[in-house]
file work32.cif (mmCIF, C-alpha atoms)
data_run
#
loop_
_atom_site.group_PDB
_atom_site.id
_atom_site.type_symbol
_atom_site.label_atom_id
_atom_site.label_comp_id
_atom_site.auth_asym_id
_atom_site.auth_seq_id
_atom_site.Cartn_x
_atom_site.Cartn_y
_atom_site.Cartn_z
ATOM 1 C CA MET T 9 -62.594 18.953 154.827
ATOM 2 C CA ASN T 10 -62.000 22.650 154.967
ATOM 3 C CA THR T 11 -63.648 24.203 157.999
ATOM 4 C CA GLY T 12 -62.399 27.690 157.132
ATOM 5 C CA SER T 13 -59.912 28.024 159.977
ATOM 6 C CA ASP T 14 -56.137 28.432 159.862
ATOM 7 C CA ARG T 15 -55.558 27.185 163.383
ATOM 8 C CA SER T 16 -55.813 23.499 164.243
ATOM 9 C CA GLY T 17 -58.641 22.457 166.504
ATOM 10 C CA GLU T 18 -60.801 25.451 165.601
ATOM 11 C CA ALA T 19 -63.742 25.606 163.268
ATOM 12 C CA ALA T 20 -64.764 28.880 161.725
ATOM 13 C CA THR T 21 -68.378 29.987 161.625
ATOM 14 C CA VAL T 22 -69.977 32.855 159.852
ATOM 15 C CA SER T 23 -72.551 34.574 161.994
ATOM 16 C CA GLY T 24 -75.477 36.689 160.909
ATOM 17 C CA PRO T 25 -76.552 40.032 162.327
ATOM 18 C CA SER T 26 -76.915 40.262 166.081
ATOM 19 C CA GLU T 27 -80.200 41.210 167.725
ATOM 20 C CA ALA T 28 -78.980 44.779 168.121
ATOM 21 C CA GLU T 29 -78.372 45.009 164.361
ATOM 22 C CA SER T 30 -81.800 43.620 163.450
ATOM 23 C CA GLU T 31 -83.751 45.999 161.239
ATOM 24 C CA VAL T 32 -87.232 44.887 162.253
ATOM 25 C CA PRO T 33 -87.917 44.384 165.959
ATOM 26 C CA GLY T 34 -90.022 41.303 166.551
ATOM 27 C CA ALA T 35 -89.069 39.760 163.203
ATOM 28 C CA PRO T 36 -87.836 36.166 163.428
ATOM 29 C CA GLN T 37 -84.054 36.041 163.623
ATOM 30 C CA GLU T 38 -82.184 33.857 161.161
ATOM 31 C CA ARG T 39 -79.449 31.828 162.730
ATOM 32 C CA GLY T 40 -75.901 32.502 161.690
ATOM 33 C CA LEU T 41 -74.247 30.339 159.106
ATOM 34 C CA GLY T 42 -71.887 27.579 160.137
ATOM 35 C CA SER T 43 -71.671 24.457 162.216
ATOM 36 C CA ARG T 44 -74.274 23.750 164.874
ATOM 37 C CA ALA T 45 -72.148 21.030 166.472
ATOM 38 C CA PRO T 46 -71.673 21.203 170.231
ATOM 39 C CA GLU T 47 -68.679 23.240 171.389
ATOM 40 C CA PHE T 48 -66.753 20.237 172.753
ATOM 41 C CA ILE T 49 -66.925 18.664 169.288
ATOM 42 C CA LYS T 50 -65.866 21.852 167.492
ATOM 43 C CA ALA T 51 -62.931 22.206 169.885
ATOM 44 C CA ARG T 52 -61.284 19.011 168.598
ATOM 45 C CA ARG T 53 -60.496 18.936 164.891
ATOM 46 C CA VAL T 54 -60.565 15.155 164.416
ATOM 47 C CA LEU T 55 -63.847 14.873 166.307
ATOM 48 C CA HIS T 56 -65.338 17.751 164.325
ATOM 49 C CA VAL T 57 -64.323 16.281 160.960
ATOM 50 C CA SER T 58 -65.747 12.890 161.921
ATOM 51 C CA TRP T 59 -68.945 14.669 163.093
ATOM 52 C CA GLN T 60 -69.167 16.363 159.686
ATOM 53 C CA VAL T 61 -68.646 13.052 157.884
ATOM 54 C CA GLY T 62 -71.376 11.453 160.003
ATOM 55 C CA VAL T 63 -73.803 14.311 159.321
ATOM 56 C CA PHE T 64 -72.997 14.124 155.605
ATOM 57 C CA VAL T 65 -73.581 10.348 155.458
ATOM 58 C CA VAL T 66 -76.888 10.541 157.364
ATOM 59 C CA GLY T 67 -78.062 13.475 155.221
ATOM 60 C CA LEU T 68 -77.027 11.654 152.062
ATOM 61 C CA ALA T 69 -78.983 8.555 153.098
ATOM 62 C CA VAL T 70 -82.097 10.663 153.711
ATOM 63 C CA VAL T 71 -81.723 12.541 150.394
ATOM 64 C CA VAL T 72 -81.216 9.276 148.480
ATOM 65 C CA ALA T 73 -84.322 7.824 150.162
ATOM 66 C CA GLY T 74 -86.238 10.927 149.054
ATOM 67 C CA ILE T 75 -84.993 10.586 145.492
ATOM 68 C CA ILE T 76 -86.098 6.945 145.489
ATOM 69 C CA MET T 77 -89.537 8.054 146.742
ATOM 70 C CA LEU T 78 -90.027 10.522 143.871
ATOM 71 C CA PRO T 79 -91.315 7.910 141.384
ATOM 72 C CA LEU T 80 -92.599 5.610 144.147
ATOM 73 C CA PRO T 81 -95.356 6.298 146.662
ATOM 74 C CA GLY T 82 -94.102 8.479 149.447
ATOM 75 C CA PRO T 83 -93.312 12.068 150.340
ATOM 76 C CA GLY T 84 -90.188 12.334 148.165
ATOM 77 C CA TRP T 85 -89.686 16.114 148.179
ATOM 78 C CA VAL T 86 -90.385 16.391 151.903
ATOM 79 C CA VAL T 87 -87.766 13.735 152.638
ATOM 80 C CA ILE T 88 -85.248 15.411 150.310
ATOM 81 C CA PHE T 89 -85.702 18.731 152.097
ATOM 82 C CA GLY T 90 -85.396 16.872 155.405
ATOM 83 C CA GLY T 91 -82.013 15.557 154.271
ATOM 84 C CA MET T 92 -81.024 19.084 153.248
ATOM 85 C CA ALA T 93 -82.027 20.261 156.730
ATOM 86 C CA ILE T 94 -79.775 17.592 158.239
ATOM 87 C CA TRP T 95 -76.907 18.828 156.062
ATOM 88 C CA ALA T 96 -77.726 22.417 157.021
ATOM 89 C CA THR T 97 -76.900 21.665 160.643
ATOM 90 C CA GLU T 98 -73.265 21.425 159.584
ATOM 91 C CA PHE T 99 -72.643 22.860 156.118
ATOM 92 C CA VAL T 100 -72.980 26.486 155.025
ATOM 93 C CA TRP T 101 -73.860 25.606 151.416
ATOM 94 C CA ALA T 102 -76.879 23.594 152.602
ATOM 95 C CA GLN T 103 -77.956 26.457 154.875
ATOM 96 C CA LEU T 104 -77.831 28.838 151.909
ATOM 97 C CA VAL T 105 -79.812 26.415 149.717
ATOM 98 C CA LEU T 106 -82.477 26.054 152.408
ATOM 99 C CA ARG T 107 -82.734 29.833 152.873
ATOM 100 C CA TRP T 108 -83.134 30.276 149.104
ATOM 101 C CA THR T 109 -85.765 27.505 149.008
ATOM 102 C CA LYS T 110 -87.728 29.020 151.903
ATOM 103 C CA ARG T 111 -87.670 32.408 150.187
ATOM 104 C CA LYS T 112 -88.906 30.953 146.881
ATOM 105 C CA VAL T 113 -91.662 28.923 148.568
ATOM 106 C CA THR T 114 -92.822 32.024 150.460
ATOM 107 C CA GLU T 115 -92.861 34.039 147.222
ATOM 108 C CA ALA T 116 -94.848 31.301 145.443
ATOM 109 C CA ALA T 117 -97.339 31.152 148.308
ATOM 110 C CA GLN T 118 -97.819 34.921 148.126
ATOM 111 C CA ARG T 119 -98.328 34.751 144.362
ATOM 112 C CA ALA T 120 -100.856 31.943 144.789
ATOM 113 C CA LEU T 121 -102.897 34.142 147.125
ATOM 114 C CA ASP T 122 -103.174 36.856 144.467
ATOM 115 C CA PRO T 123 -106.862 37.106 143.423
ATOM 116 C CA LYS T 124 -106.044 37.142 139.688
ATOM 117 C CA VAL T 125 -103.961 33.990 139.987
ATOM 118 C CA ARG T 126 -106.640 32.261 142.063
ATOM 119 C CA ARG T 127 -109.324 33.121 139.490
ATOM 120 C CA ARG T 128 -107.117 31.803 136.692
ATOM 121 C CA ASN T 129 -106.426 28.562 138.579
ATOM 122 C CA ILE T 130 -110.107 28.033 139.366
ATOM 123 C CA THR T 131 -111.039 28.736 135.719
ATOM 124 C CA LEU T 132 -108.438 26.264 134.417
ATOM 125 C CA THR T 133 -109.596 23.631 136.906
ATOM 126 C CA VAL T 134 -113.246 24.024 135.869
ATOM 127 C CA ILE T 135 -112.321 23.834 132.166
ATOM 128 C CA GLY T 136 -110.284 20.678 132.841
ATOM 129 C CA LEU T 137 -113.135 19.064 134.775
ATOM 130 C CA VAL T 138 -115.627 19.906 131.997
ATOM 131 C CA ILE T 139 -113.329 18.333 129.379
ATOM 132 C CA VAL T 140 -112.933 15.171 131.491
ATOM 133 C CA ALA T 141 -116.714 14.980 132.057
ATOM 134 C CA VAL T 142 -117.431 15.356 128.313
ATOM 135 C CA LEU T 143 -114.892 12.656 127.415
ATOM 136 C CA LEU T 144 -116.342 10.335 130.066
ATOM 137 C CA ALA T 145 -119.885 10.956 128.773
ATOM 138 C CA ILE T 146 -118.804 10.216 125.185
ATOM 139 C CA TYR T 147 -117.120 6.993 126.308
ATOM 140 C CA LEU T 148 -120.172 5.867 128.285
ATOM 141 C CA TRP T 149 -122.514 6.769 125.395
ATOM 142 C CA LYS T 150 -120.414 4.809 122.893
ATOM 143 C CA PHE T 151 -119.473 1.753 124.989
ATOM 144 C CA GLY T 152 -121.776 1.836 128.020
ATOM 145 C CA ILE T 153 -120.850 0.463 131.412
ATOM 146 C CA VAL T 154 -119.238 -2.935 131.027
ATOM 147 C CA MET T 155 -118.347 -4.765 134.188
ATOM 148 C CA PRO T 156 -115.141 -6.814 134.103
ATOM 149 C CA TRP T 157 -116.951 -9.755 135.701
ATOM 150 C CA LYS T 158 -120.101 -11.656 134.802
ATOM 151 C CA ILE T 159 -122.818 -10.984 137.381
ATOM 152 C CA LYS T 160 -125.497 -13.023 135.543
ATOM 153 C CA ASP T 161 -123.423 -16.222 135.699
ATOM 154 C CA GLN T 162 -123.417 -16.331 139.484
#

call {"tool": "encode", "arguments": {"input": "work32.cif", "output": "structure tokens"}}
result
Amino acid sequence: MNTGSDRSGEAATVSGPSEAESEVPGAPQERGLGSRAPEFIKARRVLHVSWQVGVFVVGLAVVVAGIIMLPLPGPGWVVIFGGMAIWATEFVWAQLVLRWTKRKVTEAAQRALDPKVRRRNITLTVIGLVIVAVLLAIYLWKFGIVMPWKIKDQ
């Protein structure tokens, strides 16, 4: 695996802006990109590569479990993002994917709070419920309530 370093036994990390470079005081700081492995692990190349392999395998198992949960009962997307978070402790690409995902979720949440969007969603929900109620009333009018068991026979 390429850790981005030319020297053996050293892993490169890309760090974000320091606190002094932060544009907004009091804003939450994003951690720098790169490995979050302990220093004694990053100091030894073989140990660091085996750490990365272990993190990848555990993250892969969690992501696969999430994918299996998508059609089955269970919190599939939450588990998939949990696996991505495990990968993000070691891999820059996963950190970038998680940052992008957080940004998109925040944007979607802001759009959902827009009064026009809320009115539209409420209107569509009411229309959908009215259609379901009308179809249910037509079904009950035509066929009535038929129990799947015979109460009179007991």

call {"tool": "closest_residue", "arguments": {"input": "work32.cif", "among": "T:Val142, T:Leu78, T:Ala45, T:Ile94", "to": "Val65 in chain T", "atoms": "all atoms listed in the file"}}
result
T:Ile94

call {"tool": "atom_distance", "arguments": {"input": "work32.cif", "atom1": "CA of Phe99 in chain T", "atom2": "CA of Ala117 in chain T"}}
result
27.2 Å

call {"tool": "atom_distance", "arguments": {"input": "work32.cif", "atom1": "CA of Val87 in chain T", "atom2": "CA of Leu68 in chain T"}}
result
11.0 Å

call {"tool": "atom_distance", "arguments": {"input": "work32.cif", "atom1": "CA of Lys150 in chain T", "atom2": "CA of Ile135 in chain T"}}
result
22.7 Å

call {"tool": "closest_residue", "arguments": {"input": "work32.cif", "among": "T:Ala93, T:Val57, T:Leu121, T:Val63", "to": "Val105 in chain T", "atoms": "all atoms listed in the file"}}
result
T:Ala93

call {"tool": "closest_residue", "arguments": {"input": "work32.cif", "among": "T:Thr114, T:Gln60, T:Thr109, T:Thr131", "to": "Pro46 in chain T", "atoms": "only C-alpha atoms"}}
result
T:Gln60

call {"tool": "resolve_selection", "arguments": {"input": "work32.cif", "expression": "the PyMOL selection byres ((chain T and resi 43) around 8)", "output": "VMD selection string"}}
result
chain T and resid 21 41 to 42 44 to 45 97 to 100

call {"tool": "residues_around", "arguments": {"input": "work32.cif", "residues": "Gly90 in chain T", "least_positions_apart": "3", "cutoff": "12 Å", "atoms": "only C-alpha atoms", "output": "NGL selection string"}}
result
:T and (66-75 or 83-87 or 93-97 or 102 or 106)

call {"tool": "axis_aligned_box", "arguments": {"input": "work32.cif", "around": "range 103-109 of chain T", "padding_each_side": "8 Å", "output": "AutoDock Vina command-line options"}}
result
--center_x -81.8 --center_y 28.2 --center_z 151.9 --size_x 23.9 --size_y 20.2 --size_z 21.9

call {"tool": "closest_residue", "arguments": {"input": "work32.cif", "among": "T:Phe89, T:Lys124, T:Asn129, T:Phe151", "to": "Gln103 in chain T", "atoms": "all atoms listed in the file"}}
result
T:Phe89
